[in-house]
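Asker: Provided herewith is a single structure, encoded as structure tokens, for subsequent inquiry.
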Amino acid sequence: MAISQAKLIQAARRVFAQDGYKAASIVEIAQVAGIAVGGVYLLYPSKLELFLAVYRAEDEKTKNRIVGRIDWSQPRAAFAAYLRATTQAMRRNKILAEWQSDVPGEQVRQAYQDEAKQAGAGHSLALRGEFFAEQVQQWRRDGILRPGATDQIISELFTAVAAIDTLEGIAPKTMKFMVDAVLEQLFVGE
């Protein structure tokens with residue numbers, strides 16, 4: 001029985017969201033999709049390749065949903081809201097949480113970095129979402145961001161905040177204080 005990539009991605013998403021990457025199996029994904037294991041491998045040569053496709057779709061869907069909920073008219077507040085929402089999404093979603101893992105997280109991060117380099121962007125904010133990257137560029141043109149607030153610093157800030165968020169014993173009040181201090185360094189005084 002032939003299956004479309006979209007249906008396989010949907011089945012794989014269900015399994016990865018329920019079990020996480022390590023516990024998920026191609027056999028289980030094939031069963032959920034209603035196809036033979038070989039059918040999975042015809043479309044994706046490895047569990048990692050299938051996961052990358054699922055991750056990209058989940059990441060894009062989540063970022064689009066977050067972007068639609070934020071009032072972008074206040075840059076500092078919008079940046080904080082986007083940072084908070086993406087960090088929460090990573091904490092709550094087993095698929096997105098894999099970004100912080102060794103396997104497959106390292107491979108996911110590398111794939112995103114490779115795509116940014118192929119696009120000629122080097123260390124691209126596109127990793128954080130196209131709309132967000134466009135907003136940052138606009139804030140730069142408008143003189144709202146400090147000159148030292150490079151794409152690399154902003155992108156790594158997201159990674160750092162997500163990593164800190166996974167630590168035990170960090171109170172929400174402390175996290176807010178830290179983010180506010182960072183925003184003070186990124187944005188020109190308002």
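Residues in the structure tokens are numbered from 1 in each chain, the chains being A, B, ... in the order shown, and ligands are numbered from 1 in the order shown.
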Kindly provide the residues of region 94-148 of chain A that approach region 21-26 of chain A to within 9 Å, each paired with its closest atom pair and their distance in Å to one decimal, based on only C-alpha atoms, listed by chain and increasing number, as a Markdown table.
Answerer:
```
| residue | atom | partner | partner_atom | distance |
| --- | --- | --- | --- | --- |
| A:Lys94 | CA | A:Tyr21 | CA | 8.2 |
| A:Ile95 | CA | A:Tyr21 | CA | 7.4 |
| A:Glu98 | CA | A:Tyr21 | CA | 7.4 |
| A:Val103 | CA | A:Lys22 | CA | 8.0 |
| A:Pro104 | CA | A:Tyr21 | CA | 7.3 |
```
Asker: Going by DSSP on the backbone, which residues of chain A come out as alpha helix (DSSP H)? List them as JSON, numbers by chain.
Answerer: {"A": [5, 6, 7, 8, 9, 10, 11, 12, 13, 14, 15, 16, 17, 18, 19, 20, 21, 22, 23, 26, 27, 28, 29, 30, 31, 32, 33, 37, 38, 39, 40, 41, 42, 43, 47, 48, 49, 50, 51, 52, 53, 54, 55, 56, 57, 58, 59, 60, 61, 62, 63, 64, 65, 66, 67, 68, 69, 75, 76, 77, 78, 79, 80, 81, 82, 83, 84, 85, 86, 87, 88, 89, 90, 91, 92, 94, 95, 96, 97, 105, 106, 107, 108, 109, 110, 111, 112, 113, 114, 115, 116, 117, 118, 130, 131, 132, 133, 134, 135, 136, 137, 138, 139, 140, 141, 151, 152, 153, 154, 155, 156, 157, 158, 159, 160, 161, 162, 163, 164, 165, 172, 173, 174, 175, 176, 177, 178, 179, 180, 181, 182, 183, 184, 185, 186]}
Asker: Please identify every residue of region 74-150 of chain A that has at least one atom no farther than 12 Å from an atom of region 165-170 of chain A, counting only C-alpha atoms, and for each give the shortest atom pair and the distance in Å to one decimal, arranged by chain then increasing number, as a Markdown table.
Answerer:
```
| residue | atom | partner | partner_atom | distance |
| --- | --- | --- | --- | --- |
| A:Leu83 | CA | A:Asp165 | CA | 11.3 |
| A:Arg84 | CA | A:Asp165 | CA | 9.9 |
| A:Ala85 | CA | A:Asp165 | CA | 12.0 |
| A:Thr86 | CA | A:Asp165 | CA | 11.2 |
| A:Thr87 | CA | A:Asp165 | CA | 7.4 |
| A:Gln88 | CA | A:Asp165 | CA | 8.6 |
| A:Ala89 | CA | A:Asp165 | CA | 11.4 |
| A:Met90 | CA | A:Thr166 | CA | 9.5 |
| A:Arg91 | CA | A:Thr166 | CA | 7.5 |
| A:Arg92 | CA | A:Thr166 | CA | 11.0 |
| A:Ala97 | CA | A:Thr166 | CA | 9.6 |
| A:Glu98 | CA | A:Thr166 | CA | 11.8 |
| A:Trp99 | CA | A:Thr166 | CA | 11.6 |
| A:Gln100 | CA | A:Thr166 | CA | 8.7 |
| A:Ser101 | CA | A:Thr166 | CA | 10.9 |
```
Asker: Kindly indicate which residue among A:Thr159, A:Gln107, A:Gln138, A:Gln152 lies nearest to Leu48 (chain A), using only C-alpha atoms for the distances.
Answerer: A:Gln107
Asker: Write out as a ChimeraX atom specification each polymer residue whose atoms come within 12 Å of Ala6 (chain A), counting only C-alpha atoms; drop sequence neighbours fewer than 3 positions from it.
Answerer: /A:2-3,9-13,33,40,43,50,53-54,57
Asker: Which residue gives the smallest distance to Gly68 (chain A) among A:Leu96, A:Gly105, A:Tyr112, A:Tyr82, with only C-alpha atoms counted?
Answerer: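 Between A:Leu96, A:Gly105, A:Tyr112, A:Tyr82, the residue approaching Gly68 (chain A) most closely is A:Tyr82.
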Asker: Do you know which residues are at most 10 Å from Ala81 (chain A) counting only C-alpha atoms, after dropping those on the same chain fewer than 4 positions away, and could you put them as a ChimeraX atom specification?
Answerer: /A:66-67,69-72,75-77,85-87
Asker: Find, counting only C-alpha atoms, the residue in A:Leu125, A:Val37, A:Ala17, A:Leu186 that gets nearest to Glu156 (chain A).
Answerer: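 Once distances to Glu156 (chain A) are computed over only C-alpha atoms, the minimum belongs to A:Leu125.
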Asker: I'd like the interatomic distance between CA of Ile29 (chain A) and CA of Asn93 (chain A), to a tenth of an Å.
Answerer: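 Between CA of Ile29 (chain A) and CA of Asn93 (chain A) the gap is 18.2 Å.
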Asker: Counting only C-alpha atoms, which of A:Arg109, A:Glu60, A:Gln31, A:Val161 gets nearest to Asp180 (chain A)?
Answerer: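 Counting only C-alpha atoms, the residue closest to Asp180 (chain A) is A:Val161.
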Asker: Point out the residue among A:Val108, A:Val32, A:Leu42, A:Ala80 with the least atom-to-atom distance to Asp59 (chain A), counting only C-alpha atoms.
Answerer: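 Using only C-alpha atoms, Asp59 (chain A) sits closest to A:Val108.
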Asker: Would you work out the distance separating CA of Leu52 (chain A) from CA of Phe16 (chain A), expressed in Å to one decimal?
Answerer: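 Result for CA of Leu52 (chain A) versus CA of Phe16 (chain A): 11.1 Å, one decimal.
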